[in-house]
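**Student:** Hey, dropping input26.txt in here, compact mmCIF, C-alpha atoms:
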# COMPACT_ATOMS: atom_id res chain seq x y z
CA MET L 1 37.65 142.78 2.46
CA ASN L 2 36.91 140.80 5.57
CA ASP L 3 38.91 137.94 7.02
CA LYS L 4 36.78 135.32 5.23
CA VAL L 5 37.52 136.65 1.74
CA ILE L 6 41.19 137.05 2.70
CA SER L 7 41.32 133.45 3.98
CA LEU L 8 40.00 132.15 0.67
CA LEU L 9 42.47 134.31 -1.25
CA CYS L 10 45.37 133.17 0.94
CA GLY L 11 44.40 129.52 0.40
CA VAL L 12 44.38 130.10 -3.38
CA ILE L 13 47.80 131.85 -3.38
CA PHE L 14 49.25 129.17 -1.07
CA SER L 15 48.11 126.36 -3.33
CA LEU L 16 49.30 128.14 -6.49
CA GLY L 17 52.72 128.15 -4.84
CA LEU L 18 52.41 124.43 -4.15
CA VAL L 19 51.35 123.63 -7.72
CA VAL L 20 53.95 125.86 -9.42
CA SER L 21 56.75 124.28 -7.37
CA GLY L 22 55.44 120.74 -7.93
CA MET L 23 54.87 120.14 -4.19
CA THR L 24 51.35 118.76 -4.68
CA ASN L 25 52.96 115.91 -6.57
CA PRO L 26 53.96 113.19 -4.07
CA SER L 27 56.66 111.78 -6.36
CA LYS L 28 58.35 115.21 -6.43
CA VAL L 29 58.43 115.24 -2.62
CA ILE L 30 59.66 111.63 -2.50
CA GLY L 31 62.46 112.81 -4.84
CA PHE L 32 63.55 115.26 -2.14
CA LEU L 33 63.33 112.62 0.60
CA SER L 34 65.31 110.15 -1.50
CA ILE L 35 68.77 111.33 -0.46
CA THR L 36 70.64 108.25 -1.59
CA HIS L 37 69.14 107.99 -5.07
CA ASN L 38 68.52 110.78 -7.64
CA TRP L 39 68.16 113.42 -4.94
CA ASP L 40 65.98 116.41 -5.93
CA ALA L 41 66.75 119.44 -3.74
CA SER L 42 63.81 121.54 -5.03
CA LEU L 43 61.87 121.38 -1.74
CA ILE L 44 64.63 123.33 0.02
CA PHE L 45 64.09 126.19 -2.43
CA VAL L 46 60.34 126.12 -1.77
CA MET L 47 60.72 126.28 2.01
CA GLY L 48 63.68 128.65 1.76
CA GLY L 49 61.82 131.04 -0.55
CA ALA L 50 58.79 131.11 1.74
CA ILE L 51 60.93 131.65 4.87
CA LEU L 52 62.90 134.47 3.19
CA ILE L 53 59.64 136.29 2.46
CA PHE L 54 57.98 135.67 5.83
CA ALA L 55 60.91 136.09 8.27
CA PRO L 56 61.73 139.80 7.73
CA PHE L 57 58.05 140.66 7.61
CA PHE L 58 57.43 138.86 10.89
CA TYR L 59 60.43 140.52 12.51
CA PHE L 60 58.96 143.97 11.93
CA LEU L 61 55.41 143.05 12.92
CA LYS L 62 55.94 140.68 15.83
CA ASN L 63 55.31 143.26 18.54
CA LYS L 64 52.01 144.46 17.14
CA GLU L 65 48.91 143.57 19.14
CA VAL L 66 46.26 143.72 16.43
CA SER L 67 46.31 142.85 12.75
CA ALA L 68 45.50 145.17 9.83
CA LEU L 69 41.86 144.08 10.12
CA GLY L 70 41.85 144.88 13.84
CA ILE L 71 41.92 141.23 14.90
CA GLU L 72 43.95 140.29 17.96
CA ILE L 73 47.22 138.67 16.91
CA GLU L 74 47.45 135.03 18.02
CA LEU L 75 50.94 133.63 18.35
CA PRO L 76 51.67 130.15 19.67
CA SER L 77 52.90 130.22 23.26
CA LYS L 78 56.58 129.41 23.54
CA GLN L 79 56.73 125.70 22.83
CA GLU L 80 58.92 123.51 24.95
CA ILE L 81 61.20 120.95 23.42
CA ASP L 82 59.47 117.97 24.98
CA LYS L 83 58.44 114.39 24.20
CA LYS L 84 55.34 115.56 22.33
CA LEU L 85 57.39 117.72 19.96
CA VAL L 86 59.98 115.02 19.28
CA ILE L 87 57.64 112.01 19.02
CA GLY L 88 55.00 113.95 17.06
CA SER L 89 57.56 115.20 14.53
CA ALA L 90 59.05 111.72 14.15
CA LEU L 91 55.62 110.13 13.55
CA PHE L 92 54.78 112.85 11.04
CA GLY L 93 58.12 112.17 9.32
CA VAL L 94 57.26 108.46 8.92
CA GLY L 95 53.84 109.30 7.44
CA TRP L 96 55.31 111.93 5.12
CA GLY L 97 57.93 109.47 3.89
CA LEU L 98 55.36 106.69 3.35
CA VAL L 99 53.16 108.69 0.96
CA GLY L 100 54.93 111.97 0.09
CA LEU L 101 52.01 114.13 1.24
CA CYS L 102 51.93 116.62 4.12
CA PRO L 103 48.76 118.50 5.17
CA GLY L 104 48.81 121.47 2.73
CA PRO L 105 49.65 119.55 -0.44
CA SER L 106 47.31 116.69 0.53
CA ILE L 107 44.33 119.07 0.26
CA SER L 108 45.52 120.74 -2.96
CA ALA L 109 46.21 117.26 -4.36
CA LEU L 110 42.42 116.85 -4.66
CA THR L 111 42.51 119.03 -7.77
CA SER L 112 46.12 118.90 -8.88
CA PRO L 113 47.37 118.79 -12.43
CA GLY L 114 47.73 115.20 -13.59
CA ILE L 115 49.45 113.60 -16.54
CA SER L 116 46.54 114.61 -18.77
CA GLY L 117 44.35 117.39 -17.39
CA PHE L 118 43.36 117.11 -13.73
CA ALA L 119 43.88 114.34 -11.26
CA MET L 120 40.47 115.25 -9.87
CA PHE L 121 39.34 113.71 -6.60
CA ASN L 122 41.76 110.83 -6.78
CA PRO L 123 40.37 108.12 -4.41
CA ILE L 124 43.84 107.57 -2.92
CA VAL L 125 44.03 111.25 -1.98
CA ILE L 126 40.53 111.13 -0.46
CA ILE L 127 41.48 108.09 1.65
CA PHE L 128 44.62 109.91 2.77
CA LEU L 129 42.56 112.95 3.83
CA PHE L 130 40.10 110.80 5.80
CA SER L 131 42.95 109.01 7.56
CA MET L 132 44.62 112.34 8.34
CA ALA L 133 41.39 113.72 9.83
CA ILE L 134 41.09 110.61 12.01
CA GLY L 135 44.71 111.05 13.13
CA ILE L 136 43.98 114.67 14.07
CA LEU L 137 40.86 113.69 16.04
CA VAL L 138 42.63 110.82 17.84
CA ASN L 139 45.33 113.23 19.00
CA LYS L 140 42.79 115.85 20.02
CA ASN L 141 40.80 113.35 22.10
CA LEU L 142 43.88 111.74 23.63
CA LEU L 143 45.25 115.13 24.64
CA GLN L 144 41.96 116.25 26.13
CA LYS L 145 41.76 113.03 28.16
CA THR L 146 45.28 113.40 29.54
CA ILE L 147 44.58 117.02 30.44
CA GLN L 148 41.37 115.99 32.19
CA ASN L 149 43.17 113.20 34.07
CA LYS L 150 45.77 115.64 35.33
CA ASN L 151 43.14 117.96 36.80
CA MET Y 1 69.86 115.59 -9.66
CA ASN Y 2 68.10 115.38 -13.00
CA ASN Y 3 64.71 116.38 -11.56
CA PHE Y 4 66.00 119.49 -9.83
CA THR Y 5 63.80 122.53 -10.64
CA PRO Y 6 65.18 125.44 -8.56
CA TYR Y 7 63.44 128.33 -10.37
CA SER Y 8 59.89 127.02 -10.21
CA ALA Y 9 60.57 125.87 -6.63
CA LEU Y 10 61.71 129.35 -5.63
CA LEU Y 11 58.75 130.97 -7.41
CA GLY Y 12 56.36 128.59 -5.62
CA GLY Y 13 58.08 129.26 -2.30
CA ILE Y 14 57.71 133.02 -2.78
CA LEU Y 15 53.97 132.60 -3.48
CA ILE Y 16 53.57 130.48 -0.33
CA GLY Y 17 55.54 133.10 1.65
CA LEU Y 18 53.32 135.90 0.31
CA SER Y 19 50.20 133.94 1.26
CA ILE Y 20 51.51 133.44 4.82
CA VAL Y 21 52.45 137.14 5.06
CA LEU Y 22 49.03 138.33 3.82
CA TYR Y 23 47.23 135.89 6.16
CA PHE Y 24 49.23 136.98 9.20
CA TYR Y 25 49.06 140.69 8.33
CA THR Y 26 45.28 140.65 7.98
CA THR Y 27 43.97 137.93 10.30
CA GLY Y 28 46.77 137.91 12.88
CA ARG Y 29 47.01 134.13 12.61
CA LEU Y 30 49.78 131.91 11.31
CA ALA Y 31 48.96 129.82 8.24
CA GLY Y 32 50.00 126.39 9.49
CA VAL Y 33 47.82 124.05 7.47
CA SER Y 34 47.58 121.16 9.98
CA GLY Y 35 46.35 123.64 12.61
CA ILE Y 36 43.83 125.14 10.20
CA VAL Y 37 42.50 121.65 9.42
CA GLU Y 38 42.22 120.76 13.13
CA ASN Y 39 40.45 124.04 13.90
CA ALA Y 40 38.11 123.68 10.92
CA ILE Y 41 37.07 120.24 12.21
CA THR Y 42 36.98 120.81 15.96
CA LYS Y 43 36.58 124.53 16.74
CA LYS Y 44 33.64 126.87 16.26
CA THR Y 45 35.78 130.03 16.39
CA ASN Y 46 36.77 131.21 12.89
CA ARG Y 47 35.32 128.02 11.41
CA ILE Y 48 34.07 129.64 8.18
CA SER Y 49 37.36 131.43 7.71
CA ASN Y 50 39.31 128.18 8.23
CA ILE Y 51 37.08 126.25 5.84
CA LEU Y 52 37.45 129.00 3.22
CA PHE Y 53 41.25 128.79 3.47
CA LEU Y 54 41.02 125.03 2.82
CA LEU Y 55 38.58 125.64 -0.05
CA GLY Y 56 41.16 128.06 -1.48
CA LEU Y 57 43.72 125.24 -1.38
CA VAL Y 58 41.39 123.19 -3.60
CA LEU Y 59 40.51 126.08 -5.95
CA GLY Y 60 44.09 127.23 -6.60
CA PRO Y 61 45.12 124.18 -8.65
CA LEU Y 62 41.92 124.48 -10.74
CA LEU Y 63 42.70 128.12 -11.43
CA TYR Y 64 46.22 127.13 -12.39
CA CYS Y 65 44.97 124.50 -14.82
CA TYR Y 66 42.81 127.04 -16.65
CA THR Y 67 45.61 129.59 -16.95
CA LYS Y 68 48.40 127.05 -17.12
CA GLU Y 69 49.68 127.54 -20.68
CA PRO Y 70 50.51 131.29 -20.56
CA ILE Y 71 51.87 131.11 -16.98
CA ALA Y 72 53.89 127.98 -17.63
CA ILE Y 73 55.37 129.48 -20.80
CA ALA Y 74 56.05 132.90 -19.27
CA PHE Y 75 57.94 131.42 -16.33
CA ALA Y 76 59.25 128.37 -18.21
CA LEU Y 77 57.65 126.09 -15.61
CA PRO Y 78 58.26 122.36 -15.76
CA ASP Y 79 55.35 119.95 -15.95
CA HIS Y 80 54.95 118.20 -12.60
CA SER Y 81 52.74 115.23 -13.35
CA PHE Y 82 50.81 113.83 -10.42
CA THR Y 83 52.03 110.44 -9.24
CA ILE Y 84 51.09 108.80 -5.94
CA THR Y 85 51.42 105.31 -4.51
CA ASP Y 86 48.45 103.01 -5.17
CA SER Y 87 48.95 101.05 -1.95
CA TYR Y 88 45.95 101.48 0.36
CA PRO Y 89 47.75 100.32 3.54
CA LEU Y 90 50.58 102.78 2.89
CA VAL Y 91 48.13 105.66 2.35
CA ILE Y 92 45.96 104.85 5.39
CA ILE Y 93 48.91 104.43 7.76
CA GLY Y 94 50.60 107.49 6.24
CA GLY Y 95 47.48 109.65 6.65
CA LEU Y 96 46.93 108.57 10.27
CA LEU Y 97 50.57 109.31 11.17
CA VAL Y 98 50.58 112.69 9.40
CA GLY Y 99 47.37 113.78 11.16
CA PHE Y 100 48.35 112.47 14.60
CA GLY Y 101 52.03 113.47 14.43
CA THR Y 102 51.56 117.03 13.18
CA ARG Y 103 49.01 117.84 15.86
CA LEU Y 104 51.01 116.15 18.64
CA SER Y 105 54.06 118.25 17.75
CA GLY Y 106 51.93 121.31 17.00
CA GLY Y 107 52.76 121.85 13.35
CA CYS Y 108 53.62 120.54 9.90
CA THR Y 109 55.81 121.66 7.01
CA SER Y 110 54.07 125.05 6.90
CA GLY Y 111 53.50 125.59 10.64
CA HIS Y 112 56.92 124.50 11.94
CA GLY Y 113 58.93 124.50 8.69
CA ILE Y 114 57.99 127.92 7.30
CA CYS Y 115 56.14 129.95 9.97
CA GLY Y 116 58.14 128.55 12.90
CA ILE Y 117 61.59 128.86 11.35
CA GLY Y 118 60.56 132.28 9.99
CA ARG Y 119 59.79 133.32 13.59
CA LEU Y 120 63.21 131.98 14.65
CA SER Y 121 61.58 129.40 16.93
CA ILE Y 122 64.14 126.85 18.12
CA SER Y 123 61.49 124.22 18.84
CA SER Y 124 60.11 124.54 15.29
CA LEU Y 125 63.61 124.24 13.86
CA ILE Y 126 64.16 121.05 15.89
CA ALA Y 127 60.74 119.68 14.83
CA THR Y 128 61.55 120.39 11.16
CA VAL Y 129 64.96 118.70 11.33
CA ILE Y 130 63.34 115.64 12.98
CA PHE Y 131 60.50 115.19 10.49
CA VAL Y 132 62.73 115.77 7.45
CA VAL Y 133 65.41 113.34 8.65
CA VAL Y 134 62.85 110.69 9.68
CA ALA Y 135 61.02 111.05 6.34
CA MET Y 136 64.34 110.63 4.49
CA LEU Y 137 65.09 107.48 6.51
CA THR Y 138 61.59 106.16 5.82
CA VAL Y 139 61.97 106.62 2.06
CA THR Y 140 65.44 105.06 2.13
CA ILE Y 141 64.08 102.02 3.98
CA LEU Y 142 61.09 101.72 1.59
CA GLN Y 143 63.54 101.79 -1.32
CA GLN Y 144 65.29 98.74 0.15
CA PHE Y 145 61.97 96.90 -0.25
CA GLY Y 146 61.59 98.05 -3.84
CA ILE Y 147 59.02 100.78 -3.06
CA TYR Y 148 59.91 104.21 -4.50
CA LEU Y 149 62.89 103.59 -6.73
Represent the structure from my file as structure tokens, please.

**Tutor:**
Amino acid sequence: MNDKVISLLCGVIFSLGLVVSGMTNPSKVIGFLSITHNWDASLIFVMGGAILIFAPFFYFLKNKEVSALGIEIELPSKQEIDKKLVIGSALFGVGWGLVGLCPGPSISALTSPGISGFAMFNPIVIIFLFSMAIGILVNKNLLQKTIQNKN
Amino acid sequence: MNNFTPYSALLGGILIGLSIVLYFYTTGRLAGVSGIVENAITKKTNRISNILFLLGLVLGPLLYCYTKEPIAIAFALPDHSFTITDSYPLVIIGGLLVGFGTRLSGGCTSGHGICGIGRLSISSLIATVIFVVVAMLTVTILQQFGIYL
């Protein structure tokens, strides 16, 4: 097994988790975000379950230098609590609330179970994905420009 | 809370956790989806691997649909029918903000919310609290205008 096969497998398992828990369904997510009306706390159990599995595992492996496949372990450098973190998270929150899709579920939503059979390649989902890609590229280019300006 | 489905939510969460564990254990990378999307689009390093992860995200639901009946019955899973807004402006603005915001803050629900909190990162915890609270406010405001009742 190389890292490519594993990546595919991990994507499949990840999305099975999303589908089983209903997280690919935007109205289910909106139900969690709707605190004042018919609140649905399910999302907490999804995040909580995933954290409970990952946290102890990470604790025991965090000081390793290479992975099981001999690949150097890449951890994000300690992130400061700065304007980028706060503003970025707030903007993401607005977008998430507007549609009920965050990055993982938005991709799995391309093939998610619909009312009858699949909701295959729903045009709304495709438009969301294009907009998200543009948002990612705008940030990437803006950041690169500010870094260049500083130098 | 008539839509509350704690068992299927927990089962799904465990699957997501196992995926993140397997990915980290083998590749040494954290499975934050917004980061994987950015890298798949903009970086040559590990591009195939990143694209395959995203392909897996598309294949999983198909696999589930073909094996749905026995799994759904065995675990008594509820039927989560797919419903999304049909407003193009909402979807375009939402998509732009999700893409821009997650990469500006360095993570999304998986990167900050699961991997970050799992690593006991204070900045990820703060990011998660901010995006959840802001998203809740957004939905509450939309409900005042008759969107998302």

**Student:** Please work out which residues fall within 9 Å of (43.0, 108.9, 4.6), coordinates as given in the file, with all atoms listed in the file counting, and return them as an NGL selection string.

**Tutor:** (:L and (124-135)) or (:Y and (91-96))

**Student:** For chain Y, which residues have at least one atom within 6 Å of chain L, if we go by all atoms listed in the file? Write them as a PyMOL selection string, please.

**Tutor:** chain Y and resi 1+3-6+8-10+12-17+19+21+25-29+33-34+49+52-53+56-58+60-61+80-84+91-92+94-102+104-105+114+118+123+127+130-131+134-136+138-139

**Student:** Could you state the separation of atom CA of Y:Cys108 and atom CA of Y:Thr42 in Å, given to one decimal place?

**Tutor:**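 Going from atom CA of Y:Cys108 over to atom CA of Y:Thr42 covers 17.7 Å.
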
**Student:** Provide an axis-aligned box for all listed atoms of stretch 9-23 of chain Y, padding each side by 8 Å; report its centre and its edge lengths in Å to one decimal, as lines of an AutoDock Vina configuration file.

**Tutor:**
center_x = 54.5
center_y = 132.1
center_z = -0.6
size_x = 30.5
size_y = 28.5
size_z = 29.6

**Student:** Give me, please, the distance in Å between atom CA of Y:Gln144 and atom CA of Y:Val132, quoted to one decimal.

**Tutor:**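 These atoms are spaced 18.7 Å apart.
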
**Student:** For atom CA of Y:Ile126 and atom CA of Y:Leu90, quote the distance in Å rounded to one decimal.

**Tutor:**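 We find that atom CA of Y:Ile126 and atom CA of Y:Leu90 lie 26.2 Å from each other.
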
**Student:** Using only C-alpha atoms, pick whichever of Y:Leu77, Y:Gly106, Y:Phe145, Y:Val129 has the shortest atom-to-atom distance to Y:Tyr64.

**Tutor:**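 Looking at the shortest contact to Y:Tyr64, the residue is Y:Leu77.
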
**Student:** Considering only C-alpha atoms, can you say which of Y:Gly35, Y:Asp79, Y:Cys65, Y:Val133 comes closest to Y:Ile51?

**Tutor:**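 Using only C-alpha atoms, Y:Ile51 sits closest to Y:Gly35.
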
**Student:** Measuring between all atoms listed in the file, which one of Y:Leu137, Y:Ile122, Y:Ala40, Y:Ala31 shows the shortest distance to Y:Thr109?

**Tutor:**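 Of all the options, Y:Ala31 lies closest to Y:Thr109.
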